[in-house]
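Visitor: Pasting in a structure now, in structure tokens, and then I'll have a few things to ask.
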Amino acid sequence: MSQMIINGMVLGMIYALIALGLTLIFSIMNVVNFAHGQMYMLGGFVVYYLYGVYQLNYFLALIAAALALAVIGIIFEKFFFRRVIRLAKREENTMLLAMGTALLLENLALFSFGEKQRGVPPVVTGVYEIGGGYLPAGRALVFFVALFLVIGLLLFVQYTRPGRAMRALAQDKEATYLQGVDINQISALGFAIGAALAGLAGGLLITIFAINAGSGTAVSTKAFTMIMIGGAGVVSGAILGGFVLGFCEAIGYETLPGSTTYLIIFIALILFLIVRPQGIMGRPQG
Amino acid sequence: MAATRKVESERVEEKVREGGKGKPGILSSVLPFSLSSVLLFFLGLIYLIIFPLLYRDSRYVLGVVINASMLSVISLGVWLTFTIGRTNISQGAFALIGGYTTAILSVRYGVSFWLCLPLSGLMAALIGALIGWPILRLRGVYFAMITLSLTEATRLAFLNGGDFTRGGTGIVDIPRPGALSIAGITLIPAFKGSDPLPFYYLAASLLVLTLISLRRLTQSRIGWVFRSLRQNEELASSIGINVAKYRVMAYAICCFIGGLGGSFFAAFQQNIYPATYTVTDSIYFMLYCFLGGLDYLFGPVVGAFLLIISFELLHSIQTYQTMIYAIIMITFMLWLPNGILSLRFKK
């Protein structure tokens, strides 16, 4: 029982990080970043090469992953999304563009990194025992780094000037523009932070679960599930959704065989959306 | 921009009220048929009769066109959900449901393919209607996300189906379609050996039938109701349209078509696995629609034929297929967001 709670907490924390990145991009630009899982995968590969292969310090590798993904995020926003959002008559266009970027990243990764499953040696060793459950030190580290990042992001969005501009942009684009905010710059920043969060999550989680070039879609699907549970575009919803999914998985993997867990989660999600289509925290859409 | 949109929505509202009968064009008021319908007739003639006679011995060429035809059929379903303003990433799931229905019915219970084909469509439509009723309340990106999850969920469901679906090993001994005879008269002879010609005729007739039915549907009152849903569901509901009914209808038709396609491929390839249709396939179906143009019924057909045939011609780049698809998706959204047909036919 306490093992499930420990696993749920660790998974939930890291999932909250993934969902936050996705929801940040969604609320600022009204774009679902279908490539979020692929960005997670790329972040994992950066850490794999720098830390696993070239034996660099783990935290330096993690920072490198964040920076690399931030650059990719800025490129995507500047060269792809900005133009399509401006021109699109239907929102389907930005969706297909986002799916195109996801396929592109996945294939670039497949050609450059191959199909092999990659993992890295644990950063710290040792096991803590908490109330009858076991918490490996590596997982504890992941939990605290993720917690630190989530708190940092919340503070940034709440109290800094660019953070306030982002929240304003999420509420009302025209009004933000009239206040003299450089919309393009803030959108690029938002996309960069969202992508960097995905990369950080990948870099953190590769110490627990191995990844391969094709693992992006599964992560994207999980991220969508989280923000549908919590409510898209709402920060508290993303965090809540992350934890709900994290606990569901932790309980499912302990008690159910193989991939039935996800089948049940999807069925439960559809049933849940009948009752509450906007998610737990979300505002009614329309 | 706002003005044209208003005019367009008024046009749709008018059409919904008058029951979908449009005014005849200038040309068609002089001639009993329009130029484009003559062109279509000849294209259909070549496709259905001349082409298979020319290439009857080339299994490879026929195989490519069969693929393109049936993928067009499946994509036409997705196209229909685009007309009600939903981005549908679940078509792969329903192709899978159709394929497994045919596989299980024919392998386990020895049901004839000719019964399996419509039953697979109906099964997909039934499940589509059941799932569609709640999830169609979602719109935009929410609907896209839940349908993407649905494709994943369906794959997992077949993977975990135990002995019934044979899990990850799939069903690999699906028989070829037998003879269809009613009251002792053989209407369709059994599909013999590995000759793809009968499959060609079947695929071609399915595509033509789907196109004709969808054309009739989109030009009827229902078609205009569907378009009104895309523009403004609240407005449509305010003039007395049962929004929930029509959107479930569109989705169920889409699933029916997807089920037919899945059933065809199950019999054609004689196997089906949980990974036969994945999220990537569902995205490709959308890509075909976008490539041709969402505003045109022929959009998915143009998109599918163009992509599939050009990839067959360029053998050397086939390893990069997905990457090139991705680049095409991005380039088209950047520079030709309304599809190839928008170059010639302005709407």
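Lettering and numbering for the structure tokens are positional, with chains as A, B, ... in the shown order, residues counted from 1 in each chain, and ligands counted from 1 in the shown order.
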Residues near A:Tyr49, anyone? I mean within 10 Å using only C-alpha atoms, not counting same-chain ones fewer than 5 positions away, as number ranges by chain.
Guide: A: 44, 54-56, 61, 113, 118, 120
Visitor: Could you name the residues that touch A:Ile28 at 9 Å or less, counting only C-alpha atoms, but leaving out those on the same chain fewer than 5 positions away, as a PyMOL selection string?
Guide: chain A and resi 23+166-171+173+186-187+190-191+233
Visitor: Separation of atom CA of B:Tyr200 and atom CA of B:Ile66, in Å?
Guide: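 Going from atom CA of B:Tyr200 over to atom CA of B:Ile66 covers 5.5 Å.
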Visitor: Which chain B residues are at most 6 Å from chain A (counting only C-alpha atoms), as a ChimeraX atom specification?
Guide: /B:134,153,323,326,329-330,334
Visitor: Running DSSP on the backbone, which parts of stretch 276-327 of chain B land in helix (DSSP H, G or I), as an MDAnalysis selection string?
Guide: chainID B and resid 279:292 299:313 315:327
Visitor: Using DSSP on the backbone coordinates, identify the residues of stretch 82-258 of chain A assigned to strand (DSSP E); present them as a PyMOL selection string.
Guide: chain A and resi 127-130+133-136
Visitor: For C-alpha atoms, I'd like the residues from the last selection saved as a CSV table (one decimal), in the first residue's frame.
Guide:
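Final file, result.csv:
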```
chain,number,residue,atom,x,y,z
A,127,VAL,CA,17.2,2.9,-0.8
A,128,TYR,CA,15.1,4.7,1.8
A,129,GLU,CA,12.4,2.8,3.7
A,130,ILE,CA,9.3,4.8,4.4
A,133,GLY,CA,7.5,0.9,1.3
A,134,TYR,CA,10.8,1.3,-0.5
A,135,LEU,CA,12.0,4.5,-2.2
A,136,PRO,CA,15.2,4.2,-4.2
```
Visitor: Ranking B:Gly132, B:Gly178, B:Gly339, B:Gly162 by minimum distance to B:Ile146 and counting only C-alpha atoms, which one comes first?
Guide: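 Among the listed residues, the smallest separation from B:Ile146 belongs to B:Gly132.
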Visitor: Excluding stretch 265-278 of chain B and residues on its chain fewer than 2 positions from it, collect all residues at most 6 Å away from it, counting only C-alpha atoms, and give them as a PyMOL selection string.
Guide: chain B and resi 92+99+155+158-159+170-172+174+176+262-263+280-281
Visitor: Dump all heavy atoms for the selected residues as a compact mmCIF listing (two decimals), in the first residue's frame?
Guide:
```txt
# COMPACT_ATOMS: atom_id res chain seq x y z
N GLY B 92 -8.29 5.07 -37.34
CA GLY B 92 -7.49 3.85 -37.24
C GLY B 92 -8.17 2.84 -36.31
O GLY B 92 -8.19 1.64 -36.59
N GLY B 99 -11.64 -4.62 -39.15
CA GLY B 99 -10.74 -5.70 -39.54
C GLY B 99 -10.87 -6.89 -38.61
O GLY B 99 -10.98 -8.04 -39.06
N ARG B 155 -6.19 -0.23 -29.70
CA ARG B 155 -5.04 -1.11 -29.93
C ARG B 155 -4.79 -1.96 -28.69
O ARG B 155 -4.61 -3.18 -28.79
CB ARG B 155 -3.82 -0.25 -30.25
CG ARG B 155 -2.60 -1.05 -30.64
CD ARG B 155 -1.43 -0.12 -30.90
NE ARG B 155 -0.94 0.54 -29.70
CZ ARG B 155 -0.10 -0.02 -28.83
NH1 ARG B 155 0.33 -1.24 -29.05
NH2 ARG B 155 0.30 0.62 -27.76
N PHE B 158 -7.41 -4.80 -28.22
CA PHE B 158 -7.19 -5.99 -29.03
C PHE B 158 -5.95 -6.75 -28.58
O PHE B 158 -5.89 -7.97 -28.67
CB PHE B 158 -7.12 -5.64 -30.51
CG PHE B 158 -8.46 -5.32 -31.10
CD1 PHE B 158 -8.77 -4.05 -31.54
CD2 PHE B 158 -9.44 -6.31 -31.16
CE1 PHE B 158 -10.02 -3.78 -32.06
CE2 PHE B 158 -10.69 -6.03 -31.68
CZ PHE B 158 -10.99 -4.76 -32.13
N LEU B 159 -4.98 -6.00 -28.09
CA LEU B 159 -3.76 -6.63 -27.58
C LEU B 159 -4.08 -7.48 -26.35
O LEU B 159 -3.50 -8.54 -26.14
CB LEU B 159 -2.74 -5.54 -27.23
CG LEU B 159 -1.30 -5.95 -27.01
CD1 LEU B 159 -0.73 -6.58 -28.26
CD2 LEU B 159 -0.47 -4.75 -26.61
N GLY B 170 -1.77 -11.69 -33.37
CA GLY B 170 -2.72 -11.33 -34.42
C GLY B 170 -3.41 -12.54 -35.01
O GLY B 170 -3.17 -13.68 -34.60
N ILE B 171 -4.29 -12.29 -35.96
CA ILE B 171 -5.01 -13.36 -36.64
C ILE B 171 -4.45 -13.42 -38.05
O ILE B 171 -4.52 -12.44 -38.80
CB ILE B 171 -6.53 -13.09 -36.64
CG1 ILE B 171 -7.02 -13.03 -35.19
CG2 ILE B 171 -7.27 -14.17 -37.42
CD1 ILE B 171 -8.47 -12.70 -35.03
N VAL B 172 -3.83 -14.53 -38.41
CA VAL B 172 -3.05 -14.54 -39.65
C VAL B 172 -3.58 -15.51 -40.70
O VAL B 172 -2.96 -15.67 -41.74
CB VAL B 172 -1.57 -14.88 -39.36
CG1 VAL B 172 -0.92 -13.74 -38.63
CG2 VAL B 172 -1.46 -16.16 -38.58
N ILE B 174 -6.78 -15.52 -42.25
CA ILE B 174 -8.09 -15.08 -42.71
C ILE B 174 -8.30 -15.60 -44.14
O ILE B 174 -7.43 -15.41 -45.00
CB ILE B 174 -8.19 -13.54 -42.69
CG1 ILE B 174 -7.94 -13.04 -41.26
CG2 ILE B 174 -9.55 -13.08 -43.18
CD1 ILE B 174 -7.70 -11.57 -41.17
N ARG B 176 -9.61 -16.11 -48.03
CA ARG B 176 -9.99 -15.20 -49.11
C ARG B 176 -11.51 -15.25 -49.29
O ARG B 176 -12.14 -16.25 -48.95
CB ARG B 176 -9.32 -15.62 -50.41
CG ARG B 176 -7.84 -15.38 -50.34
CD ARG B 176 -7.19 -15.53 -51.69
NE ARG B 176 -5.83 -15.07 -51.60
CZ ARG B 176 -5.45 -13.82 -51.81
NH1 ARG B 176 -6.33 -12.91 -52.17
NH2 ARG B 176 -4.20 -13.45 -51.67
N GLY B 262 -11.33 -1.47 -43.01
CA GLY B 262 -10.59 -2.43 -42.20
C GLY B 262 -10.91 -3.86 -42.61
O GLY B 262 -10.02 -4.71 -42.73
N SER B 263 -12.20 -4.11 -42.86
CA SER B 263 -12.64 -5.44 -43.27
C SER B 263 -12.00 -5.83 -44.60
O SER B 263 -11.50 -6.94 -44.77
CB SER B 263 -14.17 -5.44 -43.39
OG SER B 263 -14.60 -6.58 -44.05
N THR B 280 -0.33 6.80 -35.93
CA THR B 280 0.28 7.35 -37.14
C THR B 280 -0.64 7.15 -38.35
O THR B 280 -0.80 8.06 -39.17
CB THR B 280 1.64 6.68 -37.39
OG1 THR B 280 2.32 6.57 -36.15
CG2 THR B 280 2.47 7.46 -38.35
N ASP B 281 -1.26 5.97 -38.45
CA ASP B 281 -2.18 5.75 -39.57
C ASP B 281 -3.35 6.70 -39.50
O ASP B 281 -3.76 7.27 -40.52
CB ASP B 281 -2.69 4.30 -39.54
CG ASP B 281 -1.58 3.33 -39.84
OD1 ASP B 281 -1.19 3.24 -41.01
OD2 ASP B 281 -1.08 2.69 -38.90
```
Visitor: What lies within 7 Å of A:Gln117 using only C-alpha atoms, ignoring chain neighbours under 6 positions off, as number ranges by chain?
Guide: A: 210-212
Visitor: Those selected residues, please, written with all heavy atoms and delivered as a PDB file, in the first residue's frame.
Guide:
```pdb
ATOM      1  N   ALA A 210      13.836   3.335 -19.225  1.00  0.00           N
ATOM      2  CA  ALA A 210      14.586   3.481 -20.472  1.00  0.00           C
ATOM      3  C   ALA A 210      13.670   4.050 -21.552  1.00  0.00           C
ATOM      4  O   ALA A 210      12.443   3.923 -21.480  1.00  0.00           O
ATOM      5  CB  ALA A 210      15.120   2.121 -20.899  1.00  0.00           C
ATOM      6  N   ILE A 211      14.267   4.726 -22.529  1.00  0.00           N
ATOM      7  CA  ILE A 211      13.466   5.283 -23.622  1.00  0.00           C
ATOM      8  C   ILE A 211      14.018   4.793 -24.946  1.00  0.00           C
ATOM      9  O   ILE A 211      15.144   4.333 -25.036  1.00  0.00           O
ATOM     10  CB  ILE A 211      13.469   6.822 -23.622  1.00  0.00           C
ATOM     11  CG1 ILE A 211      14.900   7.342 -23.695  1.00  0.00           C
ATOM     12  CG2 ILE A 211      12.720   7.376 -22.465  1.00  0.00           C
ATOM     13  CD1 ILE A 211      14.992   8.746 -24.195  1.00  0.00           C
ATOM     14  N   ASN A 212      13.198   4.901 -26.001  1.00  0.00           N
ATOM     15  CA  ASN A 212      13.708   4.725 -27.353  1.00  0.00           C
ATOM     16  C   ASN A 212      13.079   5.785 -28.247  1.00  0.00           C
ATOM     17  O   ASN A 212      12.214   6.543 -27.805  1.00  0.00           O
ATOM     18  CB  ASN A 212      13.456   3.302 -27.872  1.00  0.00           C
ATOM     19  CG  ASN A 212      11.992   2.997 -27.984  1.00  0.00           C
ATOM     20  OD1 ASN A 212      11.207   3.808 -28.465  1.00  0.00           O
ATOM     21  ND2 ASN A 212      11.600   1.817 -27.530  1.00  0.00           N
TER      22      ASN A 212
END
```
